[in-house]
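What follows is a set of notes on a single structure, which appears directly below.
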Amino acid sequence: MTDSKTAGDAQAKPGAKSKYDYSKGPLPLEINLTWCKACNLCIALCPKQVFEPDRDGKPVQARPDDCTQCTICWVHCPDFAITSNYK
Ligand code: SF4
Ligand code: SF4
C-alpha cells in the first residue's frame with residue numbers, strides 16, 4: 001500500500017521545497033533574497049498561502065500553483081524584493 005500523502009500534497013510543510021512543474025513556465029514570482037529582510041509581510045498577507053518561510057524567515061513559494069497574481073505581495077513588500085514573472 002502506498003501512503004495517502006503524495007508529492008502533490010497541498011499541505012506543504014514549512015521550508016518544504018516546491019514541487020512546481022517548470023515545464024509550465026517559471027514560478028509565479030521572482031524573490032530577491034538579497035533585498036528581502038524577512039519582514040514576513042508577504043507571507044502574512046497572501047490570501048492563497050502561497051508562501052512558507054525558510055529557516056531565515058524569508059519567503060519560499062511553497063504552493064506556486066495557488067498564486068492568482070493578485071499583486072498583494074509585491075505591492076506591500078517594503079524592499080521591492082518581489083516581482084511577477086507574469087505581469
Ligand atoms: S515582504 Fe518583501 S522583505 Fe518582507 S519577507 Fe516578503 S519579500 Fe521579504
Ligand atoms: S500575487 Fe497574490 S496570490 Fe500570488 S503570492 Fe502574491 S499575494 Fe499570494
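Please note that chains go A, B, ... in the order of the C-alpha cells, that every chain numbers its residues from 1, and that ligands are numbered from 1 in the order shown.
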Write as a PDB file with C-alpha atoms, in the first residue's frame the residues around ligand 1, taking 9 Å as the cut-off and counting only C-alpha atoms and all ligand atoms.
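Everything below was put into result.pdb:
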ATOM      1  CA  ILE A  31      12.052  36.963  -4.966  1.00  0.00           C
ATOM      2  CA  ASN A  32      15.300  38.827  -4.475  1.00  0.00           C
ATOM      3  CA  LEU A  33      16.503  37.218  -1.259  1.00  0.00           C
ATOM      4  CA  TRP A  35      16.937  42.568  -0.723  1.00  0.00           C
ATOM      5  CA  CYS A  36      14.425  40.637   1.435  1.00  0.00           C
ATOM      6  CA  LYS A  37      14.735  41.414   5.155  1.00  0.00           C
ATOM      7  CA  ALA A  38      12.336  38.659   6.256  1.00  0.00           C
ATOM      8  CA  CYS A  39       9.681  41.076   7.480  1.00  0.00           C
ATOM      9  CA  ASN A  40       7.005  38.379   6.942  1.00  0.00           C
ATOM     10  CA  LEU A  41       4.521  40.763   5.306  1.00  0.00           C
ATOM     11  CA  CYS A  42       4.186  38.815   2.068  1.00  0.00           C
ATOM     12  CA  ILE A  43       3.767  35.542   3.919  1.00  0.00           C
ATOM     13  CA  ALA A  44       1.104  37.001   6.198  1.00  0.00           C
ATOM     14  CA  LEU A  45      -0.822  38.911   3.524  1.00  0.00           C
ATOM     15  CA  PRO A  53       9.158  30.871   5.493  1.00  0.00           C
ATOM     16  CA  GLY A  57      12.179  33.643   7.683  1.00  0.00           C
ATOM     17  CA  LYS A  58      12.339  34.540   4.021  1.00  0.00           C
ATOM     18  CA  PRO A  59       9.514  33.504   1.690  1.00  0.00           C
ATOM     19  CA  CYS A  73       2.700  40.599  -2.029  1.00  0.00           C
ATOM     20  CA  TRP A  74       4.776  42.708  -4.385  1.00  0.00           C
ATOM     21  CA  VAL A  75       2.771  45.896  -3.762  1.00  0.00           C
ATOM     22  CA  HIS A  76       3.327  45.579   0.006  1.00  0.00           C
ATOM     23  CA  CYS A  77       6.945  44.418   0.049  1.00  0.00           C
ATOM     24  CA  PRO A  78       8.835  47.338   1.620  1.00  0.00           C
ATOM     25  CA  ASP A  79      12.071  46.294  -0.064  1.00  0.00           C
ATOM     26  CA  PHE A  80      10.725  45.801  -3.599  1.00  0.00           C
ATOM     27  CA  ALA A  81      12.070  42.264  -3.409  1.00  0.00           C
ATOM     28  CA  ILE A  82       9.159  40.592  -5.231  1.00  0.00           C
TER      29      ILE A  82
END
Which residues are near ligand 2 in this structure, taking near to mean any atom at most 8 Å from a ligand atom and counting only C-alpha atoms and all ligand atoms? Format them as a PDB file with N, CA and C atoms, in the first residue's frame.
ATOM      1  N   PRO A  28       5.642  31.733 -10.367  1.00  0.00           N
ATOM      2  CA  PRO A  28       4.855  32.959 -10.495  1.00  0.00           C
ATOM      3  C   PRO A  28       5.643  34.227 -10.159  1.00  0.00           C
ATOM      4  N   LEU A  29       6.583  34.106  -9.233  1.00  0.00           N
ATOM      5  CA  LEU A  29       7.258  35.300  -8.725  1.00  0.00           C
ATOM      6  C   LEU A  29       8.770  35.116  -8.709  1.00  0.00           C
ATOM      7  N   CYS A  42       4.737  39.556   3.218  1.00  0.00           N
ATOM      8  CA  CYS A  42       4.186  38.815   2.068  1.00  0.00           C
ATOM      9  C   CYS A  42       3.582  37.498   2.521  1.00  0.00           C
ATOM     10  N   ILE A  43       4.247  36.837   3.438  1.00  0.00           N
ATOM     11  CA  ILE A  43       3.767  35.542   3.919  1.00  0.00           C
ATOM     12  C   ILE A  43       2.430  35.714   4.628  1.00  0.00           C
ATOM     13  N   LEU A  45       0.247  38.271   4.299  1.00  0.00           N
ATOM     14  CA  LEU A  45      -0.822  38.911   3.524  1.00  0.00           C
ATOM     15  C   LEU A  45      -1.343  38.069   2.366  1.00  0.00           C
ATOM     16  N   CYS A  46      -0.573  37.123   1.903  1.00  0.00           N
ATOM     17  CA  CYS A  46      -1.008  36.351   0.732  1.00  0.00           C
ATOM     18  C   CYS A  46      -2.333  35.645   1.034  1.00  0.00           C
ATOM     19  N   PRO A  47      -3.378  35.937   0.262  1.00  0.00           N
ATOM     20  CA  PRO A  47      -4.680  35.316   0.539  1.00  0.00           C
ATOM     21  C   PRO A  47      -4.737  33.836   0.164  1.00  0.00           C
ATOM     22  N   LYS A  48      -3.746  33.354  -0.569  1.00  0.00           N
ATOM     23  CA  LYS A  48      -3.737  31.963  -1.008  1.00  0.00           C
ATOM     24  C   LYS A  48      -2.684  31.130  -0.282  1.00  0.00           C
ATOM     25  N   GLN A  49      -2.015  31.706   0.698  1.00  0.00           N
ATOM     26  CA  GLN A  49      -0.976  30.995   1.466  1.00  0.00           C
ATOM     27  C   GLN A  49       0.053  30.345   0.533  1.00  0.00           C
ATOM     28  N   VAL A  50       0.495  31.116  -0.447  1.00  0.00           N
ATOM     29  CA  VAL A  50       1.490  30.613  -1.399  1.00  0.00           C
ATOM     30  C   VAL A  50       2.844  30.400  -0.724  1.00  0.00           C
ATOM     31  N   PHE A  51       3.159  31.241   0.250  1.00  0.00           N
ATOM     32  CA  PHE A  51       4.496  31.228   0.842  1.00  0.00           C
ATOM     33  C   PHE A  51       4.586  30.422   2.133  1.00  0.00           C
ATOM     34  N   GLN A  61       8.182  29.952  -2.270  1.00  0.00           N
ATOM     35  CA  GLN A  61       6.921  29.709  -2.970  1.00  0.00           C
ATOM     36  C   GLN A  61       6.554  28.228  -2.827  1.00  0.00           C
ATOM     37  N   PRO A  64       3.086  27.359  -5.384  1.00  0.00           N
ATOM     38  CA  PRO A  64       3.075  28.300  -6.509  1.00  0.00           C
ATOM     39  C   PRO A  64       1.842  28.170  -7.400  1.00  0.00           C
ATOM     40  N   ASP A  66      -1.070  27.941  -6.560  1.00  0.00           N
ATOM     41  CA  ASP A  66      -2.210  28.651  -5.980  1.00  0.00           C
ATOM     42  C   ASP A  66      -2.139  30.159  -6.200  1.00  0.00           C
ATOM     43  N   CYS A  67      -1.025  30.663  -6.707  1.00  0.00           N
ATOM     44  CA  CYS A  67      -0.880  32.110  -6.888  1.00  0.00           C
ATOM     45  C   CYS A  67      -1.833  32.595  -7.967  1.00  0.00           C
ATOM     46  N   THR A  68      -2.569  33.661  -7.652  1.00  0.00           N
ATOM     47  CA  THR A  68      -3.528  34.250  -8.593  1.00  0.00           C
ATOM     48  C   THR A  68      -3.016  35.552  -9.201  1.00  0.00           C
ATOM     49  N   GLN A  69      -1.755  35.890  -8.916  1.00  0.00           N
ATOM     50  CA  GLN A  69      -1.181  37.157  -9.418  1.00  0.00           C
ATOM     51  C   GLN A  69      -2.010  38.353  -8.918  1.00  0.00           C
ATOM     52  N   CYS A  70      -2.444  38.274  -7.670  1.00  0.00           N
ATOM     53  CA  CYS A  70      -3.332  39.305  -7.129  1.00  0.00           C
ATOM     54  C   CYS A  70      -2.618  40.623  -6.852  1.00  0.00           C
ATOM     55  N   THR A  71      -1.317  40.631  -6.834  1.00  0.00           N
ATOM     56  CA  THR A  71      -0.435  41.803  -6.649  1.00  0.00           C
ATOM     57  C   THR A  71      -0.119  42.130  -5.188  1.00  0.00           C
ATOM     58  N   ILE A  72      -0.848  41.570  -4.247  1.00  0.00           N
ATOM     59  CA  ILE A  72      -0.728  41.999  -2.848  1.00  0.00           C
ATOM     60  C   ILE A  72       0.707  41.891  -2.336  1.00  0.00           C
ATOM     61  N   CYS A  73       1.371  40.793  -2.627  1.00  0.00           N
ATOM     62  CA  CYS A  73       2.700  40.599  -2.029  1.00  0.00           C
ATOM     63  C   CYS A  73       3.711  41.601  -2.562  1.00  0.00           C
ATOM     64  N   TRP A  74       3.739  41.813  -3.880  1.00  0.00           N
ATOM     65  CA  TRP A  74       4.776  42.708  -4.385  1.00  0.00           C
ATOM     66  C   TRP A  74       4.434  44.176  -4.149  1.00  0.00           C
ATOM     67  N   SER A  84       6.713  39.932 -10.379  1.00  0.00           N
ATOM     68  CA  SER A  84       5.959  38.858 -11.029  1.00  0.00           C
ATOM     69  C   SER A  84       6.665  38.425 -12.305  1.00  0.00           C
TER      70      SER A  84
END
(message) Based on the backbone DSSP call, show me all residues of segment 17-73 of chain A assigned alpha helix (DSSP H), as an NGL selection string.
(response) :A and (41-45 or 72-73)
Write the residues of the selection above to a file with N, CA and C atoms, as a PDB file, in the first residue's frame.
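Wrote it out as part28.pdb, contents follow:
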ATOM      1  N   LEU A  41       5.760  40.163   5.822  1.00  0.00           N
ATOM      2  CA  LEU A  41       4.521  40.763   5.306  1.00  0.00           C
ATOM      3  C   LEU A  41       3.911  39.932   4.173  1.00  0.00           C
ATOM      4  N   CYS A  42       4.737  39.556   3.218  1.00  0.00           N
ATOM      5  CA  CYS A  42       4.186  38.815   2.068  1.00  0.00           C
ATOM      6  C   CYS A  42       3.582  37.498   2.521  1.00  0.00           C
ATOM      7  N   ILE A  43       4.247  36.837   3.438  1.00  0.00           N
ATOM      8  CA  ILE A  43       3.767  35.542   3.919  1.00  0.00           C
ATOM      9  C   ILE A  43       2.430  35.714   4.628  1.00  0.00           C
ATOM     10  N   ALA A  44       2.316  36.776   5.419  1.00  0.00           N
ATOM     11  CA  ALA A  44       1.104  37.001   6.198  1.00  0.00           C
ATOM     12  C   ALA A  44      -0.057  37.491   5.329  1.00  0.00           C
ATOM     13  N   LEU A  45       0.247  38.271   4.299  1.00  0.00           N
ATOM     14  CA  LEU A  45      -0.822  38.911   3.524  1.00  0.00           C
ATOM     15  C   LEU A  45      -1.343  38.069   2.366  1.00  0.00           C
ATOM     16  N   ILE A  72      -0.848  41.570  -4.247  1.00  0.00           N
ATOM     17  CA  ILE A  72      -0.728  41.999  -2.848  1.00  0.00           C
ATOM     18  C   ILE A  72       0.707  41.891  -2.336  1.00  0.00           C
ATOM     19  N   CYS A  73       1.371  40.793  -2.627  1.00  0.00           N
ATOM     20  CA  CYS A  73       2.700  40.599  -2.029  1.00  0.00           C
ATOM     21  C   CYS A  73       3.711  41.601  -2.562  1.00  0.00           C
TER      22      CYS A  73
END
(request) May I ask for the distance between atom CA of Asp54 of chain A and atom CA of Gly25 of chain A, given in Å to one decimal place? (result) 23.0 Å
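Between Arg63 of chain A and the candidates A:Thr83, A:Thr34, A:Pro26, A:Tyr20, the tightest atom-to-atom separation, counting only C-alpha atoms, involves A:Tyr20.
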(message) Could you go through segment 15-87 of chain A and tell me which residues DSSP, when run on the backbone, assigns to strand (DSSP E), listing them as a ChimeraX atom specification?
(response) /A:29-31,51-53,59-61,82-84
Serialized selection, C-alpha atoms, as a PDB file, in the first residue's frame:
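Done, and the output landed in selection.pdb:
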ATOM      1  CA  LEU A  29       7.258  35.300  -8.725  1.00  0.00           C
ATOM      2  CA  GLU A  30      10.899  36.267  -8.514  1.00  0.00           C
ATOM      3  CA  ILE A  31      12.052  36.963  -4.966  1.00  0.00           C
ATOM      4  CA  PHE A  51       4.496  31.228   0.842  1.00  0.00           C
ATOM      5  CA  GLU A  52       6.193  29.384   3.653  1.00  0.00           C
ATOM      6  CA  PRO A  53       9.158  30.871   5.493  1.00  0.00           C
ATOM      7  CA  PRO A  59       9.514  33.504   1.690  1.00  0.00           C
ATOM      8  CA  VAL A  60       9.567  30.292  -0.318  1.00  0.00           C
ATOM      9  CA  GLN A  61       6.921  29.709  -2.970  1.00  0.00           C
ATOM     10  CA  ILE A  82       9.159  40.592  -5.231  1.00  0.00           C
ATOM     11  CA  THR A  83       8.365  40.849  -8.918  1.00  0.00           C
ATOM     12  CA  SER A  84       5.959  38.858 -11.029  1.00  0.00           C
TER      13      SER A  84
END
